[in-house]
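Here is the structure we will look at, set down as structure tokens.
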Amino acid sequence: MNTERPVALVGAYAALPSLRGDQEHFYDGLAGRGIADGLEIPFRDGLGADIRWLAAQVRGRFTRSVITLIPGTMVRVGACGTFGLASGDHDGRRAALAFLREARIAAEELNQLTGEQSVSAIHIHTAPSKTAVGAMFARSLDEIAASAPAAGPWSTRLVLEHCDAYAPTVPGEKQFLPLEDEIPLAREGGIGITVNWGRSAIEAQDAGRPLAQIRRLVSEGLLEGVMFSGAGPAANEFGGPWADAHLPLTEDEPTSLMDADEVRRCLRAAAGAFSYAGAKIQAAGDATVEERLTTVGHVMRLVSEREAAPAPAPAGATVRP
């Protein structure tokens with residue numbers, strides 16, 4: 001992604017109200033207040049019940065959004081422990097490749113409906129849990145690169161989102177490959193890597209792990225993005241200890257270890273080396289639209305504090321389809 005500053009990205013679905021009218025007001029607020037340039041959009045079995053309604057929400061205001069496969073991936077991993085692009089099981093890996101293709105087709109449809117580059121990237125992952133095989137992920141990337149549609153190249157690129165790695169001594173949630181294994185895979189595959197703050201903290205139950213991983217990826221020339229999603233060691237209204245519960249900043253959820261200073265440290269470490277940064281956090285179930293916007297805005301205010309100098313896209317970000 002070649003922009004003058006990192007795209008401000010919001011995983012709005014984590015804080016989205018349940019009623020459609022409120023959802024529209026929420027999107028209006030994200031755009032009207034300049035909180036978000038783009039969205040992180042979940043892909044489960046499609047882009048929601050009404051893709052035309054989604055197109056109406058993003059058209060003209062949320063460009064260069066990202067589709068994340070993690071919601072649908074975890075549903076499938078839960079139903080079939082061999083599902084994933086890094087699966088050693090032939091059927092599980094083929095199913096993951098087909099799932100990715102469905103998402104890319106949906107992204108093309110959304111872009112066509114809006115007439116814009118509404119979606120520019122797709123987050124992929126080194127599933128399945130506990131049994132992922134790096135060589136199988138590399139094979140998946142090779143097959144993806146060799147299977148571009150006849151009509152021309154995809155309008156979306158792939159980004160590897162690092163999730164908590166499997167460790168026998170840590171419960172974890174996603175339990176995919178460690179960053180040390182993902183780095184050579186991403187480099188060979190010509191794709192960048194995004195850090196999710198909460199998932200990196202969860203893998204070591206250590207609030208310092210995200211910053212260390214950001215620094216490592218900057219040094220490797222592979223950092224694509226940073227998504228701020230909190231985590232912490234105590235149970236709270238959003239989930240249990242060290243759950244991937246998308247906690248807000250400490251100021252909004254005291255059990256969250258993601259405070260303003262830590263966000264600033266991560267952004268300073270990533271300066272000039274990444275394409276997008278943003279927030280994916282929950283809000284209380286009974287929160288009003290205004291309260292949800294305020295909570296998300298607390299993170300995005302930190303993201304927008306710094307003006308990034310123009311920088312080239314991270315190494316490999318646009319090499320592979």
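Simple scheme: letters A, B, ... for chains in structure tokens order, numbers from 1 for residues in each chain, numbers from 1 for ligands in the order shown.
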TODO: Extract the full set of strand (DSSP E) residues from segment 44-287 of chain A according to DSSP on the backbone, and format it as a ChimeraX atom specification.
DONE: /A:65-68,119-124,157-162,192-196,223-228,276-279
Surrounding residues of segment 155-158 of chain A excluding itself and chain neighbours under 4 positions, 10 Å, only C-alpha atoms, as an mmCIF file with N, CA and C atoms, in the first residue's frame:
```cif
data_model
loop_
_atom_site.group_PDB
_atom_site.id
_atom_site.type_symbol
_atom_site.label_atom_id
_atom_site.label_comp_id
_atom_site.auth_asym_id
_atom_site.auth_seq_id
_atom_site.Cartn_x
_atom_site.Cartn_y
_atom_site.Cartn_z
ATOM 1 N N MET A 1 0.847 -1.186 0.000
ATOM 2 C CA MET A 1 0.000 0.000 0.000
ATOM 3 C C MET A 1 0.879 1.231 0.000
ATOM 4 N N ARG A 64 -9.787 1.295 0.962
ATOM 5 C CA ARG A 64 -8.635 0.490 1.373
ATOM 6 C C ARG A 64 -8.914 -0.282 2.651
ATOM 7 N N SER A 65 -10.123 -0.827 2.752
ATOM 8 C CA SER A 65 -10.474 -1.655 3.893
ATOM 9 C C SER A 65 -9.821 -3.027 3.779
ATOM 10 N N VAL A 66 -9.909 -3.782 4.861
ATOM 11 C CA VAL A 66 -9.317 -5.121 4.935
ATOM 12 C C VAL A 66 -10.395 -6.108 5.331
ATOM 13 N N ILE A 67 -10.451 -7.237 4.661
ATOM 14 C CA ILE A 67 -11.322 -8.334 5.068
ATOM 15 C C ILE A 67 -10.497 -9.296 5.912
ATOM 16 N N LEU A 100 -10.748 -19.032 1.187
ATOM 17 C CA LEU A 100 -10.060 -17.799 0.789
ATOM 18 C C LEU A 100 -10.564 -17.314 -0.566
ATOM 19 N N ARG A 104 -12.180 -13.658 -1.602
ATOM 20 C CA ARG A 104 -11.653 -12.765 -2.639
ATOM 21 C C ARG A 104 -12.732 -12.444 -3.680
ATOM 22 N N ILE A 105 -13.555 -13.406 -3.990
ATOM 23 C CA ILE A 105 -14.662 -13.146 -4.910
ATOM 24 C C ILE A 105 -15.626 -12.141 -4.299
ATOM 25 N N ALA A 107 -14.880 -9.861 -2.101
ATOM 26 C CA ALA A 107 -14.216 -8.555 -2.114
ATOM 27 C C ALA A 107 -14.337 -7.901 -3.484
ATOM 28 N N GLU A 108 -14.170 -8.702 -4.545
ATOM 29 C CA GLU A 108 -14.327 -8.160 -5.896
ATOM 30 C C GLU A 108 -15.744 -7.636 -6.103
ATOM 31 N N ASN A 111 -16.157 -4.343 -4.266
ATOM 32 C CA ASN A 111 -15.477 -3.268 -4.991
ATOM 33 C C ASN A 111 -16.238 -2.856 -6.246
ATOM 34 N N GLN A 117 -11.970 1.137 -4.706
ATOM 35 C CA GLN A 117 -11.124 0.136 -4.061
ATOM 36 C C GLN A 117 -11.516 0.090 -2.588
ATOM 37 N N SER A 118 -12.729 -0.361 -2.333
ATOM 38 C CA SER A 118 -13.223 -0.400 -0.957
ATOM 39 C C SER A 118 -12.452 -1.390 -0.110
ATOM 40 N N VAL A 119 -12.076 -2.514 -0.692
ATOM 41 C CA VAL A 119 -11.263 -3.519 -0.010
ATOM 42 C C VAL A 119 -9.965 -3.678 -0.776
ATOM 43 N N SER A 120 -8.842 -3.593 -0.069
ATOM 44 C CA SER A 120 -7.549 -3.717 -0.747
ATOM 45 C C SER A 120 -6.740 -4.903 -0.255
ATOM 46 N N ALA A 121 -7.102 -5.474 0.891
ATOM 47 C CA ALA A 121 -6.294 -6.563 1.446
ATOM 48 C C ALA A 121 -7.174 -7.560 2.179
ATOM 49 N N ILE A 122 -6.639 -8.764 2.344
ATOM 50 C CA ILE A 122 -7.330 -9.831 3.073
ATOM 51 C C ILE A 122 -6.358 -10.427 4.079
ATOM 52 N N HIS A 123 -6.794 -10.493 5.332
ATOM 53 C CA HIS A 123 -5.986 -11.105 6.382
ATOM 54 C C HIS A 123 -6.130 -12.625 6.319
ATOM 55 N N ILE A 124 -5.006 -13.306 6.165
ATOM 56 C CA ILE A 124 -4.994 -14.762 6.218
ATOM 57 C C ILE A 124 -4.200 -15.197 7.444
ATOM 58 N N LEU A 141 0.483 -20.846 -0.328
ATOM 59 C CA LEU A 141 0.829 -19.583 -0.986
ATOM 60 C C LEU A 141 1.247 -19.814 -2.434
ATOM 61 N N ILE A 144 -1.920 -20.478 -4.377
ATOM 62 C CA ILE A 144 -2.687 -19.235 -4.524
ATOM 63 C C ILE A 144 -2.100 -18.380 -5.635
ATOM 64 N N GLY A 189 6.902 -15.869 0.461
ATOM 65 C CA GLY A 189 5.634 -15.703 -0.232
ATOM 66 C C GLY A 189 5.370 -14.297 -0.726
ATOM 67 N N GLY A 190 6.224 -13.343 -0.362
ATOM 68 C CA GLY A 190 6.052 -11.976 -0.834
ATOM 69 C C GLY A 190 4.885 -11.245 -0.210
ATOM 70 N N ILE A 191 4.608 -11.528 1.066
ATOM 71 C CA ILE A 191 3.503 -10.850 1.748
ATOM 72 C C ILE A 191 3.998 -10.237 3.048
ATOM 73 N N GLY A 192 3.285 -9.218 3.527
ATOM 74 C CA GLY A 192 3.611 -8.590 4.792
ATOM 75 C C GLY A 192 2.888 -9.257 5.940
ATOM 76 N N ILE A 193 3.234 -8.838 7.159
ATOM 77 C CA ILE A 193 2.655 -9.398 8.382
ATOM 78 C C ILE A 193 2.071 -8.262 9.225
ATOM 79 N N ALA A 317 4.900 -6.456 0.008
ATOM 80 C CA ALA A 317 3.473 -6.257 0.221
ATOM 81 C C ALA A 317 2.659 -6.423 -1.035
ATOM 82 N N THR A 318 3.221 -6.139 -2.216
ATOM 83 C CA THR A 318 2.427 -6.228 -3.429
ATOM 84 C C THR A 318 3.028 -7.178 -4.462
ATOM 85 N N VAL A 319 3.933 -8.041 -4.012
ATOM 86 C CA VAL A 319 4.608 -8.924 -4.954
ATOM 87 C C VAL A 319 3.709 -10.073 -5.383
ATOM 88 N N ARG A 320 3.046 -10.669 -4.407
ATOM 89 C CA ARG A 320 2.240 -11.846 -4.667
ATOM 90 C C ARG A 320 0.757 -11.476 -4.720
ATOM 91 N N PRO A 321 -0.063 -12.213 -5.491
ATOM 92 C CA PRO A 321 -1.498 -11.933 -5.537
ATOM 93 C C PRO A 321 -2.165 -12.386 -4.258
#
```
Task: 9 Å contact set for segment 7-10 of chain A, only C-alpha atoms, chain neighbours under 3 positions out, as a ChimeraX atom specification - done: /A:3-4,13,30,35-41,62,64-66,227,275-281,296,300,303-304
Written selection (C-alpha atoms) as a CSV table (one decimal), in the first residue's frame:
```csv
chain,number,residue,atom,x,y,z
A,3,THR,CA,0.1,6.1,0.8
A,4,GLU,CA,1.3,9.3,2.4
A,13,TYR,CA,-17.8,-5.2,13.8
A,30,LEU,CA,-16.7,6.7,12.2
A,35,ILE,CA,-12.1,8.2,13.1
A,36,ALA,CA,-11.6,5.7,10.3
A,37,ASP,CA,-10.4,5.7,6.7
A,38,GLY,CA,-11.1,2.0,6.3
A,39,LEU,CA,-12.7,-0.9,8.0
A,40,GLU,CA,-11.6,-4.4,9.0
A,41,ILE,CA,-14.5,-6.4,7.7
A,62,PHE,CA,-14.2,3.8,3.7
A,64,ARG,CA,-8.6,0.5,1.4
A,65,SER,CA,-10.5,-1.7,3.9
A,66,VAL,CA,-9.3,-5.1,4.9
A,227,MET,CA,-4.2,-3.5,15.1
A,275,SER,CA,0.6,0.6,5.8
A,276,TYR,CA,-2.2,0.8,8.3
A,277,ALA,CA,-2.9,1.0,12.0
A,278,GLY,CA,-6.2,0.8,13.9
A,279,ALA,CA,-8.4,-0.5,16.6
A,280,LYS,CA,-10.6,-3.6,17.0
A,281,ILE,CA,-12.2,-3.3,20.4
A,296,VAL,CA,-13.2,3.4,19.7
A,300,MET,CA,-7.9,6.1,17.2
A,303,VAL,CA,-3.3,6.4,16.1
A,304,SER,CA,-3.9,9.8,14.6
```
TODO: Tell me, as a PyMOL selection string, which residues lie within 12 Å of Thr169 of chain A, counting only C-alpha atoms; anything in the same chain fewer than 4 positions away does not count.
DONE: chain A and resi 165+175+203-205
Please produce a file of those selected residues containing all heavy atoms, as a compact mmCIF listing (two decimals), in the first residue's frame.
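Everything below was put into out_36.txt:
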```
# COMPACT_ATOMS: atom_id res chain seq x y z
N ALA A 165 0.60 -17.82 19.15
CA ALA A 165 1.23 -19.07 18.72
C ALA A 165 0.98 -20.18 19.73
O ALA A 165 0.80 -19.93 20.93
CB ALA A 165 2.73 -18.85 18.54
N GLN A 175 -3.63 -20.31 18.64
CA GLN A 175 -2.61 -21.36 18.70
C GLN A 175 -2.11 -21.76 17.31
O GLN A 175 -2.06 -22.94 16.96
CB GLN A 175 -3.16 -22.57 19.46
CG GLN A 175 -3.61 -22.23 20.87
CD GLN A 175 -4.06 -23.43 21.68
OE1 GLN A 175 -4.24 -24.51 21.15
NE2 GLN A 175 -4.23 -23.24 22.96
N GLU A 203 -0.25 -14.67 23.61
CA GLU A 203 0.58 -15.84 23.36
C GLU A 203 1.66 -16.04 24.40
O GLU A 203 2.11 -17.17 24.64
CB GLU A 203 1.19 -15.79 21.96
CG GLU A 203 2.36 -14.87 21.78
CD GLU A 203 2.99 -15.02 20.40
OE1 GLU A 203 2.30 -15.49 19.47
OE2 GLU A 203 4.16 -14.67 20.25
N ALA A 204 2.09 -14.96 25.05
CA ALA A 204 3.10 -15.08 26.10
C ALA A 204 2.56 -14.59 27.45
O ALA A 204 3.31 -14.58 28.43
CB ALA A 204 4.34 -14.28 25.73
N GLN A 205 1.30 -14.19 27.47
CA GLN A 205 0.71 -13.56 28.65
C GLN A 205 1.64 -12.45 29.14
O GLN A 205 1.98 -12.35 30.32
CB GLN A 205 0.43 -14.60 29.74
CG GLN A 205 -0.60 -15.64 29.29
CD GLN A 205 -1.06 -16.56 30.38
OE1 GLN A 205 -0.55 -16.53 31.51
NE2 GLN A 205 -2.03 -17.41 30.08
```
Open item on the list: Show me, as a ChimeraX atom specification, the residues that have an atom within 10 Å of Phe26 of chain A when counting only C-alpha atoms, minus same-chain residues fewer than 3 positions from it.
Closed with: /A:12,15-17,20-23,29-32,288-290,292-293
Write to file, as a PDB file, in the first residue's frame, the residues of the selection just made, with C-alpha atoms.
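selection.pdb was written with the following content:
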```
ATOM      1  CA  ALA A  12     -16.025  -1.884  13.517  1.00  0.00           C
ATOM      2  CA  ALA A  15     -18.168  -2.679  18.617  1.00  0.00           C
ATOM      3  CA  LEU A  16     -21.134  -2.697  16.239  1.00  0.00           C
ATOM      4  CA  PRO A  17     -24.628  -2.200  17.714  1.00  0.00           C
ATOM      5  CA  ARG A  20     -29.361  -1.844  11.673  1.00  0.00           C
ATOM      6  CA  GLY A  21     -30.350   1.764  12.217  1.00  0.00           C
ATOM      7  CA  ASP A  22     -27.816   2.070  15.010  1.00  0.00           C
ATOM      8  CA  GLN A  23     -25.219   0.386  12.835  1.00  0.00           C
ATOM      9  CA  GLY A  29     -19.931   8.591  13.108  1.00  0.00           C
ATOM     10  CA  LEU A  30     -16.750   6.738  12.153  1.00  0.00           C
ATOM     11  CA  ALA A  31     -16.676   8.541   8.820  1.00  0.00           C
ATOM     12  CA  GLY A  32     -18.081  11.917   9.814  1.00  0.00           C
ATOM     13  CA  THR A 288     -25.159   3.742  23.027  1.00  0.00           C
ATOM     14  CA  VAL A 289     -23.857   4.578  19.578  1.00  0.00           C
ATOM     15  CA  GLU A 290     -22.218   7.672  21.028  1.00  0.00           C
ATOM     16  CA  ARG A 292     -19.235   3.133  21.215  1.00  0.00           C
ATOM     17  CA  LEU A 293     -17.807   5.886  19.040  1.00  0.00           C
TER      18      LEU A 293
END
```
- [ ] Find, counting only C-alpha atoms, the residue in A:Phe274, A:Arg209, A:Ala201, A:Arg94 that gets nearest to Leu247 of chain A.
- [x]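 Closest to Leu247 of chain A, using only C-alpha atoms: A:Ala201.
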Task: One-decimal distance in Å that lies between atom CA of Ala287 of chain A and atom CA of Phe238 of chain A - done: 12.9 Å
TODO: Check segment 93-197 of chain A with DSSP on the backbone and list each residue it calls alpha helix (DSSP H), as a VMD selection string.
DONE: chain A and resid 93 to 114 134 to 145 179 to 189 197
- [ ] Give the answer as one residue: which of A:Gly297, A:Pro153, A:Pro241, A:Pro128 has the shortest atom-to-atom distance to Val170 of chain A, using only C-alpha atoms?
- [x] A:Pro241
Open item on the list: List as a PyMOL selection string the protein and nucleic acid residues near Leu223 of chain A, meaning an atom at most 8 Å away when only C-alpha atoms are counted, but skip any in the same chain fewer than 2 places from it.
Closed with: chain A and resi 192-195+214+217-218+220-221+225+270+273-274+314
Task: Which residue of A:Gly152, A:Pro178, A:Pro233, A:Gly81 approaches Thr126 of chain A most closely, using only C-alpha atoms - done: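 Of A:Gly152, A:Pro178, A:Pro233, A:Gly81, the one nearest Thr126 of chain A is A:Pro178, counting only C-alpha atoms.
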